[in-house]
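S.K.: Here you go, model22.cif (mmCIF, C-alpha atoms):
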data_run
loop_
_atom_site.group_PDB
_atom_site.id
_atom_site.type_symbol
_atom_site.label_atom_id
_atom_site.label_comp_id
_atom_site.auth_asym_id
_atom_site.auth_seq_id
_atom_site.Cartn_x
_atom_site.Cartn_y
_atom_site.Cartn_z
ATOM 1 C CA MET A 969 196.910 65.919 -46.709
ATOM 2 C CA LYS A 970 200.673 65.868 -47.321
ATOM 3 C CA LYS A 971 201.843 63.548 -50.086
ATOM 4 C CA ILE A 972 205.044 61.502 -49.833
ATOM 5 C CA LEU A 973 206.712 59.674 -52.693
ATOM 6 C CA LEU A 974 208.414 56.533 -51.384
ATOM 7 C CA ILE A 975 211.046 55.126 -53.760
ATOM 8 C CA ASP A 976 212.606 51.824 -52.687
ATOM 9 C CA ASP A 977 213.266 48.518 -54.411
ATOM 10 C CA SER A 978 212.521 46.538 -51.234
ATOM 11 C CA THR A 979 208.851 45.584 -50.974
ATOM 12 C CA THR A 980 209.359 44.947 -47.250
ATOM 13 C CA THR A 981 210.821 48.388 -46.606
ATOM 14 C CA ARG A 982 208.057 50.030 -48.620
ATOM 15 C CA ALA A 983 205.416 48.116 -46.670
ATOM 16 C CA VAL A 984 206.849 49.080 -43.273
ATOM 17 C CA VAL A 985 207.374 52.745 -44.155
ATOM 18 C CA ARG A 986 203.973 52.938 -45.898
ATOM 19 C CA HIS A 987 202.242 51.546 -42.802
ATOM 20 C CA MET A 988 203.924 54.068 -40.491
ATOM 21 C CA LEU A 989 203.205 57.021 -42.750
ATOM 22 C CA LEU A 990 199.589 56.068 -43.468
ATOM 23 C CA GLU A 991 198.958 55.798 -39.730
ATOM 24 C CA SER A 992 200.334 59.326 -39.391
ATOM 25 C CA GLY A 993 197.898 60.640 -42.000
ATOM 26 C CA TYR A 994 200.101 60.987 -45.073
ATOM 27 C CA GLU A 995 199.136 60.087 -48.629
ATOM 28 C CA ILE A 996 201.712 57.681 -50.076
ATOM 29 C CA VAL A 997 202.764 57.148 -53.681
ATOM 30 C CA GLU A 998 205.289 54.370 -54.329
ATOM 31 C CA ALA A 999 207.941 53.487 -56.872
ATOM 32 C CA LYS A 1000 210.220 50.446 -56.955
ATOM 33 C CA ASN A 1001 213.279 52.009 -58.622
ATOM 34 C CA GLY A 1002 214.758 55.408 -59.383
ATOM 35 C CA LEU A 1003 213.503 55.621 -62.953
ATOM 36 C CA GLU A 1004 209.935 54.838 -61.898
ATOM 37 C CA GLY A 1005 210.349 57.272 -59.004
ATOM 38 C CA TYR A 1006 211.487 60.028 -61.342
ATOM 39 C CA ASP A 1007 208.362 59.561 -63.469
ATOM 40 C CA GLN A 1008 206.099 59.401 -60.400
ATOM 41 C CA TYR A 1009 207.592 62.616 -58.999
ATOM 42 C CA PHE A 1010 206.262 64.678 -61.875
ATOM 43 C CA LYS A 1011 202.917 62.855 -61.964
ATOM 44 C CA CYS A 1012 202.086 63.206 -58.278
ATOM 45 C CA LYS A 1013 203.985 66.389 -57.232
ATOM 46 C CA PRO A 1014 204.805 65.152 -53.691
ATOM 47 C CA ASP A 1015 205.606 67.340 -50.696
ATOM 48 C CA LEU A 1016 208.505 65.043 -49.795
ATOM 49 C CA VAL A 1017 210.478 62.222 -51.415
ATOM 50 C CA LEU A 1018 211.870 59.328 -49.364
ATOM 51 C CA LEU A 1019 214.292 57.344 -51.471
ATOM 52 C CA ASP A 1020 216.633 54.431 -51.069
ATOM 53 C CA ILE A 1021 220.259 55.023 -51.994
ATOM 54 C CA THR A 1022 220.956 51.648 -53.605
ATOM 55 C CA MET A 1023 218.435 50.529 -56.225
ATOM 56 C CA PRO A 1024 218.555 48.895 -59.639
ATOM 57 C CA ILE A 1025 217.988 50.758 -62.913
ATOM 58 C CA LEU A 1026 218.629 54.213 -61.365
ATOM 59 C CA ASP A 1027 219.978 54.562 -57.822
ATOM 60 C CA GLY A 1028 218.675 57.097 -55.323
ATOM 61 C CA ILE A 1029 221.499 59.572 -55.777
ATOM 62 C CA GLY A 1030 221.084 59.529 -59.563
ATOM 63 C CA CYS A 1031 217.325 59.839 -59.232
ATOM 64 C CA LEU A 1032 217.564 62.827 -56.909
ATOM 65 C CA LYS A 1033 220.118 64.552 -59.155
ATOM 66 C CA LYS A 1034 217.821 64.024 -62.148
ATOM 67 C CA ILE A 1035 214.786 65.396 -60.270
ATOM 68 C CA ARG A 1036 216.794 68.392 -59.030
ATOM 69 C CA GLU A 1037 217.739 69.299 -62.597
ATOM 70 C CA ALA A 1038 214.040 69.887 -63.303
ATOM 71 C CA ASP A 1039 212.951 70.965 -59.806
ATOM 72 C CA PRO A 1040 215.703 72.452 -57.624
ATOM 73 C CA ASN A 1041 213.185 72.889 -54.794
ATOM 74 C CA VAL A 1042 212.584 69.158 -54.303
ATOM 75 C CA ARG A 1043 212.559 68.053 -50.672
ATOM 76 C CA ALA A 1044 214.080 64.639 -50.152
ATOM 77 C CA ILE A 1045 215.383 62.277 -47.499
ATOM 78 C CA MET A 1046 217.762 59.485 -48.496
ATOM 79 C CA LEU A 1047 217.355 56.080 -46.825
ATOM 80 C CA THR A 1048 219.336 52.865 -46.850
ATOM 81 C CA SER A 1049 219.364 49.564 -45.040
ATOM 82 C CA ASN A 1050 222.832 48.805 -46.447
ATOM 83 C CA ALA A 1051 225.335 48.950 -43.591
ATOM 84 C CA ASN A 1052 228.238 48.511 -46.036
ATOM 85 C CA ILE A 1053 228.056 51.944 -47.649
ATOM 86 C CA ASN A 1054 231.384 53.628 -46.939
ATOM 87 C CA LYS A 1055 231.042 56.859 -48.855
ATOM 88 C CA ILE A 1056 227.953 58.563 -50.173
ATOM 89 C CA SER A 1057 228.292 61.306 -52.791
ATOM 90 C CA SER A 1058 226.256 64.402 -52.145
ATOM 91 C CA ALA A 1059 223.288 64.700 -54.440
#
Rewrite the structure from the file as structure tokens, please.

M.R.:
Amino acid sequence: MKKILLIDDSTTTRAVVRHMLLESGYEIVEAKNGLEGYDQYFKCKPDLVLLDITMPILDGIGCLKKIREADPNVRAIMLTSNANINKISSA
């Protein structure tokens, strides 16, 4: 079973995405901010990381950069529900 690490500060977003992915047969590990997500990444060794761009403590871009320093082969998809993001730096 493929494992996905879902990192998002919104409990609603996590619940919706978790539901969809569980129905599709994925194992889900969750984190509520980038720092927690960074720690979870190395504990659970996921096949894919889904992470929110804007989060407290450590945002998604910072989290992905930090993970990539240790694992350049990380596979990640950035998500956001913030329609006001004008420019996103590449991670």

S.K.: Which residues are near Arg1043 of chain A? Cut-off 12 Å, only C-alpha atoms, ignore same chain within fewer than 5 positions. Put them as a PyMOL selection string.

M.R.: chain A and resi 971-973+1009+1013-1019+1032-1033+1035-1036+1059

S.K.: Given 5 Å of margin on each side, can you work out the centre and size in Å (one decimal) of an axis-aligned box holding every listed atom of segment 1010-1028 of chain A, as lines of an AutoDock Vina configuration file?

M.R.:
center_x = 211.5
center_y = 58.1
center_z = -56.1
size_x = 28.9
size_y = 28.4
size_z = 23.5

S.K.: To one decimal place in Å, what is the distance between atom CA of Thr1022 of chain A and atom CA of Ser992 of chain A?

M.R.: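 Separation of atom CA of Thr1022 of chain A and atom CA of Ser992 of chain A: 26.2 Å.
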
S.K.: Which is closer to Lys970 of chain A than all the others in A:Cys1012, A:Arg982, A:Tyr994, A:Lys1034, using all atoms listed in the file?

M.R.: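 Among the listed residues, the smallest separation from Lys970 of chain A belongs to A:Tyr994.
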
S.K.: Report as a PyMOL selection string all protein, DNA and RNA residues lying within 9 Å of segment 997-1003 of chain A, evaluated on only C-alpha atoms, omitting residues in the same chain fewer than 2 positions from it.

M.R.: chain A and resi 971-979+982+986+995+1005-1008+1012+1014+1019-1020+1023-1032

S.K.: Enter the distance from atom CA of Gly993 of chain A to atom CA of Met969 of chain A, in Å, rounded to one decimal.

M.R.: 7.1 Å

S.K.: To one decimal in Å, tell me the separation between atom CA of Leu1047 of chain A and atom CA of Glu1004 of chain A.

M.R.: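 Those two atoms sit 16.8 Å apart.
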
S.K.: Which is closest to Asp1039 of chain A among A:Phe1010, A:Glu991, A:Ile996, A:Val984, if we use all atoms listed in the file?

M.R.: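 The shortest atom-to-atom distance to Asp1039 of chain A comes from A:Phe1010.
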